[in-house]
Amino acid sequence: MSLKLQKEVQVLLKYTKKIRPYRKSRYGITDEEFDQLFFSQGGRCKICGTSDFPYKGPCVDHDHTTKKVRGILCFNCNRGIGAFKESTALLEKALQYLLSQKDCNT
């Protein structure tokens, strides 16, 4: 990881300190585990790859049934998964819909 990216990650980690008290109780991960996971993703959203976290900072994505942490996402990707109720079937239908409407997306 480049020195510039490491500095960007460190800035984001400092930004997220204000929401850290919730992580252990809500997601079962320590600050160190969050930092390690976020750093292992290069300080980017695991889905879209953005390093811009303008709303609440990086979001901890977790399975609502098992409570297992899956990764760190941006607000939009995390909200998108939630909007589809974490259903791969619904996401697949949405993908098929978008692909079928490709003439509208150009």
# chains A, B, ... in the order shown; residues from 1 in each chain; ligands from 1
>>> closest_atom_pairs(of="segment 21-46 of chain A", to="segment 62-77 of chain A", cutoff="7 Å", atoms="only C-alpha atoms", output="JSON lines")
{"residue": "A:Tyr27", "atom": "CA", "partner": "A:Lys67", "partner_atom": "CA", "distance": 6.8}
{"residue": "A:Phe38", "atom": "CA", "partner": "A:Ile72", "partner_atom": "CA", "distance": 6.2}
{"residue": "A:Cys45", "atom": "CA", "partner": "A:Leu73", "partner_atom": "CA", "distance": 4.3}
{"residue": "A:Lys46", "atom": "CA", "partner": "A:Leu73", "partner_atom": "CA", "distance": 5.6}
>>> closest_residue(among="A:Gln41, A:Ile47, A:Gly57, A:Lys93", to="Gly80 of chain A", atoms="only C-alpha atoms")
A:Ile47
>>> select_by_dssp(residues="segment 44-84 of chain A", states="helix (DSSP H, G or I)", output="list in words")
Phe75, Asn76, Cys77, Asn78, Arg79, Gly80, Ile81, Gly82 and Ala83 of chain A
>>> write_last_selection(atoms="C-alpha atoms", output="mmCIF file, in the first residue's frame")
data_model
loop_
_atom_site.group_PDB
_atom_site.id
_atom_site.type_symbol
_atom_site.label_atom_id
_atom_site.label_comp_id
_atom_site.auth_asym_id
_atom_site.auth_seq_id
_atom_site.Cartn_x
_atom_site.Cartn_y
_atom_site.Cartn_z
ATOM 1 C CA PHE A 75 -22.891 4.313 3.150
ATOM 2 C CA ASN A 76 -24.454 3.843 -0.304
ATOM 3 C CA CYS A 77 -23.404 0.213 -0.726
ATOM 4 C CA ASN A 78 -24.374 -0.652 2.837
ATOM 5 C CA ARG A 79 -27.754 0.991 2.406
ATOM 6 C CA GLY A 80 -28.242 -0.733 -0.958
ATOM 7 C CA ILE A 81 -27.744 -4.157 0.586
ATOM 8 C CA GLY A 82 -30.190 -3.224 3.326
ATOM 9 C CA ALA A 83 -32.758 -1.992 0.819
#
>>> select_by_dssp(residues="segment 36-66 of chain A", states="strand (DSSP E or B)", output="mmCIF file with C-alpha atoms, in the first residue's frame")
data_model
loop_
_atom_site.group_PDB
_atom_site.id
_atom_site.type_symbol
_atom_site.label_atom_id
_atom_site.label_comp_id
_atom_site.auth_asym_id
_atom_site.auth_seq_id
_atom_site.Cartn_x
_atom_site.Cartn_y
_atom_site.Cartn_z
ATOM 1 C CA CYS A 59 -19.936 1.245 7.647
ATOM 2 C CA VAL A 60 -19.526 -2.182 9.205
ATOM 3 C CA ASP A 61 -21.452 -4.614 7.005
ATOM 4 C CA HIS A 62 -22.776 -7.630 8.870
#
>>> atom_distance(atom1="atom CA of Leu99 of chain A", atom2="atom CA of Phe84 of chain A")
17.4 Å
>>> atom_distance(atom1="atom CA of Asp35 of chain A", atom2="atom CA of Thr50 of chain A")
16.8 Å
>>> closest_residue(among="A:Pro58, A:Ile29, A:Thr88, A:Tyr97", to="Gly43 of chain A", atoms="only C-alpha atoms")
A:Pro58
